[in-house]
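*Asks:* Below is one structure. I have some questions about it.
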Amino acid sequence: MQIKGFKYIDENGQKELQLVMPKELETLFKATIYCKGDIMDISEGNPEKTWHLMSSNFNNIHLVAPHQVHGTKVIPSTSQYALPLRPKADGVLITSSSDSMASLRFADCAPVVLASVAPEPWMMLLHSGFVGTVKNISGKSLATFSKKGSALKGERVWAWIGPCICKDCYSRKIDDPSTQNALKVYSPENYYDKNGMVYFDIRGEIKRQLMRCGLPCDNIYEVDGCTYCNSGSYYSYRAGDERARMFLLGGNTTKAAH
Ligand SMILES: [Zn+2]
């Protein structure tokens with residue numbers, strides 16, 4: 001499987017999508033989406049269990065693993081927010097001063113990673129499902145850097161959108177208040193209605209939010225596959241995975257020699 005911006009590997013029964021960093025970032029940050037596999041099955045969506053199994057590969061440093069609430073709050077990847085604490089947030093910011101690894105969990109919602117060298121090197125992990133996308137977590141997070149200036153003259157920011165549920169699998173009742181609310185936000189190209197249901201293209205909307213902030217299309221890497229359609233590779237809440245989750249892990253290369 002070849003996906004631009006990602007490298008697919010299968011390590012002893014654990015499928016992984018490693019983010020391929022552009023040259024400017026490859027010595028600074030690394031991030032991986034752990035998809036379906038033994039480690040994720042055993043840890044059942046519990047980041048403490050996951051880290052118990054994996055931390056020895058990462059110098060046993062702390063792990064930030066927020067309690068995800070479909071909001072837009074982003075916390076720093078520092079030990080004061082790390083396990084066993086589970087602060088409420090849906091994003092984690094990694095900078096050169098971060099002393100912890102950062103993580104988030106997914107089963108249909110989209111994993112989003114943003115990174116840049118400007119104004120200083122940073123990488124952000126975000127959880128953007130249906131609700132987080134309505135709240136525009138990706139665009140808002142990216143905008144915090146454009147306000148600081150130089151980063152968003154486009155070319156020097158990159159984004160990765162990992163596997164999530166596709167536009168033909170994510171439907172909601174048309175008369176549901178959350179659906180009606182979303183219809184005010186989503187671009188018409190990113191939804192359609194059929195038989196009393198509205199189908200949402202979460203990934204398409206995230207991409208639009210990022211491009212609206214000035215990110216060029218070429219700097220956005222995405223995984224086409226759907227979590228619901230590809231149950232051999234991914235976990236899907238809607239397809240029946242109530243507990244197991246995919247695990248997005250990221251951090252500074254220097255602090256997490258693998
Ligand atoms: Zn699908």
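Please note that chains go A, B, ... in the order of the structure tokens, that every chain numbers its residues from 1, and that ligands are numbered from 1 in the order shown.
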For ligand 1, return the neighbouring residues as a ChimeraX atom specification (distance at most 12 Å; only C-alpha atoms and all ligand atoms).
*Replies:* /A:108,163-171,199-203,224-231,234,236,238-239
*Asks:* May I have the selected residues written with N, CA and C atoms, as a compact mmCIF listing (two decimals), in the first residue's frame?
*Replies:*
# COMPACT_ATOMS: atom_id res chain seq x y z
N ASP A 108 -13.21 5.94 13.85
CA ASP A 108 -14.09 6.64 12.87
C ASP A 108 -13.80 8.14 12.76
N PRO A 163 -6.81 7.80 8.58
CA PRO A 163 -8.03 7.08 8.22
C PRO A 163 -9.22 7.46 9.10
N CYS A 164 -10.36 7.72 8.46
CA CYS A 164 -11.59 8.01 9.21
C CYS A 164 -12.77 7.42 8.42
N ILE A 165 -13.96 7.60 8.94
CA ILE A 165 -15.14 7.03 8.26
C ILE A 165 -15.45 7.85 7.01
N CYS A 166 -15.84 7.18 5.93
CA CYS A 166 -15.98 7.88 4.64
C CYS A 166 -17.39 8.46 4.46
N LYS A 167 -17.53 9.24 3.41
CA LYS A 167 -18.77 9.98 3.18
C LYS A 167 -19.95 9.09 2.84
N ASP A 168 -19.71 7.86 2.45
CA ASP A 168 -20.82 6.96 2.16
C ASP A 168 -21.20 6.09 3.36
N CYS A 169 -20.44 6.22 4.45
CA CYS A 169 -20.70 5.40 5.64
C CYS A 169 -21.13 6.23 6.84
N TYR A 170 -20.91 7.54 6.81
CA TYR A 170 -21.27 8.34 7.98
C TYR A 170 -22.55 9.13 7.72
N SER A 171 -23.65 8.58 8.21
CA SER A 171 -24.93 9.25 8.01
C SER A 171 -25.58 9.56 9.35
N TYR A 199 -25.47 12.41 4.72
CA TYR A 199 -24.16 11.77 4.69
C TYR A 199 -23.09 12.86 4.69
N PHE A 200 -22.16 12.78 5.65
CA PHE A 200 -21.14 13.82 5.79
C PHE A 200 -19.76 13.31 5.39
N ASP A 201 -19.03 14.14 4.67
CA ASP A 201 -17.65 13.85 4.31
C ASP A 201 -16.74 14.60 5.30
N ILE A 202 -16.43 13.94 6.40
CA ILE A 202 -15.64 14.58 7.46
C ILE A 202 -14.26 14.97 6.93
N ARG A 203 -13.63 14.04 6.23
CA ARG A 203 -12.28 14.31 5.72
C ARG A 203 -12.28 15.48 4.74
N ASP A 224 -6.98 7.56 2.03
CA ASP A 224 -8.30 7.40 1.40
C ASP A 224 -9.21 6.42 2.14
N GLY A 225 -8.61 5.37 2.64
CA GLY A 225 -9.39 4.25 3.17
C GLY A 225 -10.34 4.65 4.28
N CYS A 226 -11.47 3.95 4.34
CA CYS A 226 -12.50 4.24 5.33
C CYS A 226 -12.39 3.24 6.49
N THR A 227 -12.52 3.76 7.71
CA THR A 227 -12.42 2.89 8.88
C THR A 227 -13.57 1.86 8.91
N TYR A 228 -14.75 2.28 8.48
CA TYR A 228 -15.92 1.40 8.51
C TYR A 228 -15.83 0.34 7.42
N CYS A 229 -15.36 0.74 6.23
CA CYS A 229 -15.28 -0.18 5.08
C CYS A 229 -14.10 -1.16 5.19
N ASN A 230 -13.05 -0.77 5.92
CA ASN A 230 -11.82 -1.58 5.97
C ASN A 230 -11.58 -2.12 7.37
N SER A 231 -12.44 -3.01 7.80
CA SER A 231 -12.33 -3.47 9.18
C SER A 231 -11.11 -4.38 9.39
N TYR A 234 -8.50 -1.23 10.21
CA TYR A 234 -8.82 -0.14 11.14
C TYR A 234 -9.90 -0.55 12.13
N SER A 236 -13.47 0.65 13.94
CA SER A 236 -14.60 1.50 13.62
C SER A 236 -15.66 1.34 14.70
N ARG A 238 -18.66 2.58 14.61
CA ARG A 238 -19.94 2.29 13.96
C ARG A 238 -20.01 0.86 13.43
N ALA A 239 -18.85 0.26 13.17
CA ALA A 239 -18.84 -1.13 12.70
C ALA A 239 -18.77 -2.11 13.86
*Asks:* A:Asn12: which residues within 12 Å, counting only C-alpha atoms, same-chain residues fewer than 2 positions away excluded, as a PyMOL selection string?
*Replies:* chain A and resi 9-10+14-16+36-39
*Asks:* Any chance you can output those residues with N, CA and C atoms as an mmCIF file, in the first residue's frame?
*Replies:*
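Generated file (part11.cif):
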data_model
loop_
_atom_site.group_PDB
_atom_site.id
_atom_site.type_symbol
_atom_site.label_atom_id
_atom_site.label_comp_id
_atom_site.auth_asym_id
_atom_site.auth_seq_id
_atom_site.Cartn_x
_atom_site.Cartn_y
_atom_site.Cartn_z
ATOM 1 N N ILE A 9 3.346 -0.008 7.403
ATOM 2 C CA ILE A 9 4.142 -1.174 7.787
ATOM 3 C C ILE A 9 3.314 -2.106 8.667
ATOM 4 N N ASP A 10 3.712 -3.353 8.663
ATOM 5 C CA ASP A 10 3.041 -4.357 9.487
ATOM 6 C C ASP A 10 4.122 -5.017 10.336
ATOM 7 N N GLN A 14 0.943 -5.956 14.089
ATOM 8 C CA GLN A 14 0.435 -4.621 14.429
ATOM 9 C C GLN A 14 0.622 -3.724 13.212
ATOM 10 N N LYS A 15 -0.485 -3.299 12.593
ATOM 11 C CA LYS A 15 -0.404 -2.450 11.401
ATOM 12 C C LYS A 15 -0.165 -0.997 11.813
ATOM 13 N N GLU A 16 0.730 -0.333 11.088
ATOM 14 C CA GLU A 16 1.070 1.051 11.418
ATOM 15 C C GLU A 16 1.098 1.914 10.160
ATOM 16 N N LYS A 36 -5.024 -1.413 13.248
ATOM 17 C CA LYS A 36 -5.462 -2.663 13.862
ATOM 18 C C LYS A 36 -4.261 -3.553 14.178
ATOM 19 N N GLY A 37 -4.304 -4.203 15.321
ATOM 20 C CA GLY A 37 -3.206 -5.100 15.654
ATOM 21 C C GLY A 37 -3.257 -5.547 17.096
ATOM 22 N N ASP A 38 -2.304 -6.409 17.429
ATOM 23 C CA ASP A 38 -2.301 -7.046 18.744
ATOM 24 C C ASP A 38 -2.222 -6.046 19.896
ATOM 25 N N ILE A 39 -1.320 -5.057 19.757
ATOM 26 C CA ILE A 39 -1.140 -4.107 20.876
ATOM 27 C C ILE A 39 -2.433 -3.338 21.117
#
*Asks:* From the options A:Gln2, A:Asn46, A:Ser187, A:Ser77, which residue's atoms come nearest to A:Leu63, counting only C-alpha atoms?
*Replies:*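 Among A:Gln2, A:Asn46, A:Ser187, A:Ser77, it is A:Ser77 that comes nearest to A:Leu63.
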*Asks:* For A:Phe29, work out the shell of residues within 6 Å, counting only C-alpha atoms and skipping chain neighbours fewer than 5 positions away, then give it as a PyMOL selection string.
*Replies:* chain A and resi 251-253
*Asks:* Could you dump the residues just selected with C-alpha atoms as a CSV table (one decimal), in the first residue's frame?
*Replies:*
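Dumped to part-v3.csv:
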chain,number,residue,atom,x,y,z
A,251,GLY,CA,6.9,13.5,19.6
A,252,ASN,CA,10.3,14.9,19.3
A,253,THR,CA,12.8,12.5,17.6
*Asks:* Which residue out of A:Asp41, A:Glu11, A:Glu242, A:Asp99 has the minimum interatomic distance to A:Thr78 when only C-alpha atoms are used?
*Replies:*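 For A:Thr78, the nearest of the given residues is A:Asp99.
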*Asks:* A:Asp90: which residues within 6 Å, counting only C-alpha atoms, same-chain residues fewer than 4 positions away excluded, as a PyMOL selection string?
*Replies:* chain A and resi 68+71-73+126-127
*Asks:* I'd like the interatomic distance between atom CA of A:Cys217 and atom CA of A:Thr179, to a tenth of an Å.
*Replies:*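 Between atom CA of A:Cys217 and atom CA of A:Thr179 the gap is 27.4 Å.
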*Asks:* Applying 6 Å and only C-alpha atoms, which residues near A:Ala107 remain after dropping the ones on its own chain fewer than 3 positions away? List them as a ChimeraX atom specification.
*Replies:* /A:235-237,245
*Asks:* Leaving out A:Val157 and any residue of its chain fewer than 3 positions from it, which residues lie within 12 Å of it when counting only C-alpha atoms, given as a PyMOL selection string?
*Replies:* chain A and resi 21-22+24-25+113-124+142-143+145-146+150-154+160+210-211+213-221
*Asks:* Could you write out the selected residues, including N, CA and C atoms, as a CSV table (one decimal), in the first residue's frame?
*Replies:*
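Output file again.csv follows:
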chain,number,residue,atom,x,y,z
A,21,MET,N,7.8,12.6,7.1
A,21,MET,CA,8.0,14.0,7.3
A,21,MET,C,8.7,14.6,6.1
A,22,PRO,N,8.4,15.9,5.7
A,22,PRO,CA,9.3,16.6,4.7
A,22,PRO,C,10.7,16.8,5.3
A,24,GLU,N,12.5,19.2,6.0
A,24,GLU,CA,12.8,20.2,7.1
A,24,GLU,C,12.3,19.7,8.5
A,25,LEU,N,11.5,18.7,8.5
A,25,LEU,CA,10.9,18.2,9.8
A,25,LEU,C,11.4,16.8,10.2
A,113,VAL,N,-2.8,15.7,11.9
A,113,VAL,CA,-1.5,16.2,12.4
A,113,VAL,C,-1.1,17.4,11.6
A,114,LEU,N,-0.7,18.4,12.3
A,114,LEU,CA,-0.2,19.6,11.6
A,114,LEU,C,1.3,19.8,12.1
A,115,ALA,N,2.1,20.3,11.2
A,115,ALA,CA,3.5,20.5,11.6
A,115,ALA,C,4.2,21.6,10.7
A,116,SER,N,5.1,22.3,11.3
A,116,SER,CA,5.8,23.4,10.6
A,116,SER,C,7.1,23.7,11.3
A,117,VAL,N,8.0,24.4,10.6
A,117,VAL,CA,9.2,24.9,11.2
A,117,VAL,C,9.1,26.3,11.6
A,118,ALA,N,8.0,26.9,11.3
A,118,ALA,CA,7.8,28.4,11.5
A,118,ALA,C,6.6,28.7,12.5
A,119,PRO,N,6.7,29.7,13.3
A,119,PRO,CA,7.9,30.5,13.6
A,119,PRO,C,9.0,29.7,14.2
A,120,GLU,N,8.7,28.7,15.0
A,120,GLU,CA,9.6,27.7,15.5
A,120,GLU,C,9.0,26.4,15.3
A,121,PRO,N,9.9,25.3,15.3
A,121,PRO,CA,9.3,24.0,15.0
A,121,PRO,C,8.2,23.6,16.0
A,122,TRP,N,7.1,23.1,15.4
A,122,TRP,CA,6.0,22.6,16.2
A,122,TRP,C,5.2,21.5,15.4
A,123,MET,N,4.6,20.7,16.2
A,123,MET,CA,3.7,19.7,15.6
A,123,MET,C,2.5,19.5,16.5
A,124,MET,N,1.3,19.4,15.9
A,124,MET,CA,0.1,19.3,16.7
A,124,MET,C,-0.7,18.0,16.3
A,142,LEU,N,-4.8,25.7,13.4
A,142,LEU,CA,-3.9,26.2,12.5
A,142,LEU,C,-3.8,27.8,12.5
A,143,ALA,N,-5.0,28.4,12.8
A,143,ALA,CA,-5.1,29.8,12.8
A,143,ALA,C,-4.2,30.4,14.0
A,145,PHE,N,-1.4,29.7,14.8
A,145,PHE,CA,0.0,29.9,14.3
A,145,PHE,C,0.0,31.0,13.2
A,146,SER,N,-1.0,31.2,12.4
A,146,SER,CA,-1.0,32.2,11.4
A,146,SER,C,-1.1,33.6,12.1
A,150,SER,N,4.5,34.4,10.6
A,150,SER,CA,5.1,33.9,9.4
A,150,SER,C,4.7,32.5,8.9
A,151,ALA,N,4.3,31.6,9.8
A,151,ALA,CA,4.1,30.2,9.5
A,151,ALA,C,3.2,30.0,8.2
A,152,LEU,N,2.1,30.8,8.2
A,152,LEU,CA,1.1,30.5,7.1
A,152,LEU,C,1.3,31.3,5.9
A,153,LYS,N,2.4,31.4,5.4
A,153,LYS,CA,2.5,31.9,4.0
A,153,LYS,C,2.5,30.6,3.2
A,154,GLY,N,1.9,29.5,3.8
A,154,GLY,CA,1.6,28.4,3.0
A,154,GLY,C,2.6,27.2,3.0
A,160,TRP,N,-1.5,16.1,7.8
A,160,TRP,CA,-1.8,14.7,7.5
A,160,TRP,C,-3.2,14.4,8.1
A,210,LEU,N,-8.6,23.5,6.3
A,210,LEU,CA,-7.2,23.7,6.3
A,210,LEU,C,-6.8,24.6,5.1
A,211,MET,N,-7.4,24.4,4.0
A,211,MET,CA,-7.1,25.2,2.8
A,211,MET,C,-7.6,26.6,2.9
A,213,CYS,N,-7.5,28.2,5.5
A,213,CYS,CA,-6.4,28.9,6.3
A,213,CYS,C,-5.2,29.2,5.5
A,214,GLY,N,-5.2,28.8,4.3
A,214,GLY,CA,-4.0,29.1,3.4
A,214,GLY,C,-3.1,28.0,3.2
A,215,LEU,N,-3.5,26.8,3.6
A,215,LEU,CA,-2.6,25.6,3.4
A,215,LEU,C,-2.8,25.1,2.0
A,216,PRO,N,-1.7,25.0,1.2
A,216,PRO,CA,-1.9,24.5,-0.2
A,216,PRO,C,-2.3,23.0,-0.2
A,217,CYS,N,-3.1,22.7,-1.2
A,217,CYS,CA,-3.6,21.3,-1.3
A,217,CYS,C,-2.4,20.3,-1.3
A,218,ASP,N,-1.3,20.7,-2.0
A,218,ASP,CA,-0.2,19.8,-2.1
A,218,ASP,C,0.5,19.4,-0.7
A,219,ASN,N,0.2,20.3,0.3
A,219,ASN,CA,0.8,20.1,1.6
A,219,ASN,C,-0.1,19.2,2.5
A,220,ILE,N,-1.2,18.8,2.0
A,220,ILE,CA,-2.1,18.0,2.8
A,220,ILE,C,-2.1,16.6,2.3
A,221,TYR,N,-1.7,15.7,3.2
A,221,TYR,CA,-1.6,14.2,2.9
A,221,TYR,C,-2.8,13.5,3.5
*Asks:* Identify all residues of stretch 42-228 of chain A in alpha helix (DSSP H) (DSSP on the backbone) and supply them as a ChimeraX atom specification.
*Replies:* /A:42-43,47-54,130-134,137-147,177-183,202-212
*Asks:* Please measure the separation of atom CA of A:Phe6 and atom CA of A:Pro111, giving the value in Å to one decimal.
*Replies:*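 Between atom CA of A:Phe6 and atom CA of A:Pro111 the gap is 13.0 Å.
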*Asks:* Which residues, written as JSON, numbers by chain, have at least one atom at most 9 Å from A:Asn136, with only C-alpha atoms counted and residues fewer than 5 positions away on the same chain left out?
*Replies:* {"A": [72, 128, 131, 141, 185, 206, 209]}
*Asks:* Just to be explicit: take each residue in the selection above, keep C-alpha atoms, and write the result as an mmCIF file, in the first residue's frame.
*Replies:*
data_model
loop_
_atom_site.group_PDB
_atom_site.id
_atom_site.type_symbol
_atom_site.label_atom_id
_atom_site.label_comp_id
_atom_site.auth_asym_id
_atom_site.auth_seq_id
_atom_site.Cartn_x
_atom_site.Cartn_y
_atom_site.Cartn_z
ATOM 1 C CA THR A 72 -11.199 22.286 20.450
ATOM 2 C CA SER A 128 -11.543 15.806 14.558
ATOM 3 C CA VAL A 131 -18.511 17.238 16.155
ATOM 4 C CA SER A 141 -5.610 25.273 15.664
ATOM 5 C CA VAL A 185 -21.165 24.747 8.876
ATOM 6 C CA ILE A 206 -11.302 19.099 7.324
ATOM 7 C CA GLN A 209 -10.937 24.064 6.677
#
*Asks:* Smallest atom-to-atom distance to A:Phe58: which of A:Leu104, A:Ile33, A:Leu249, A:Leu85, using only C-alpha atoms?
*Replies:*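 Checking each candidate against A:Phe58, we get A:Leu249 as the closest.
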*Asks:* Hey, can you check how far atom CA of A:Ile75 sits from atom CA of A:Ala102?
*Replies:*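 Distance between the two atoms: 9.7 Å.
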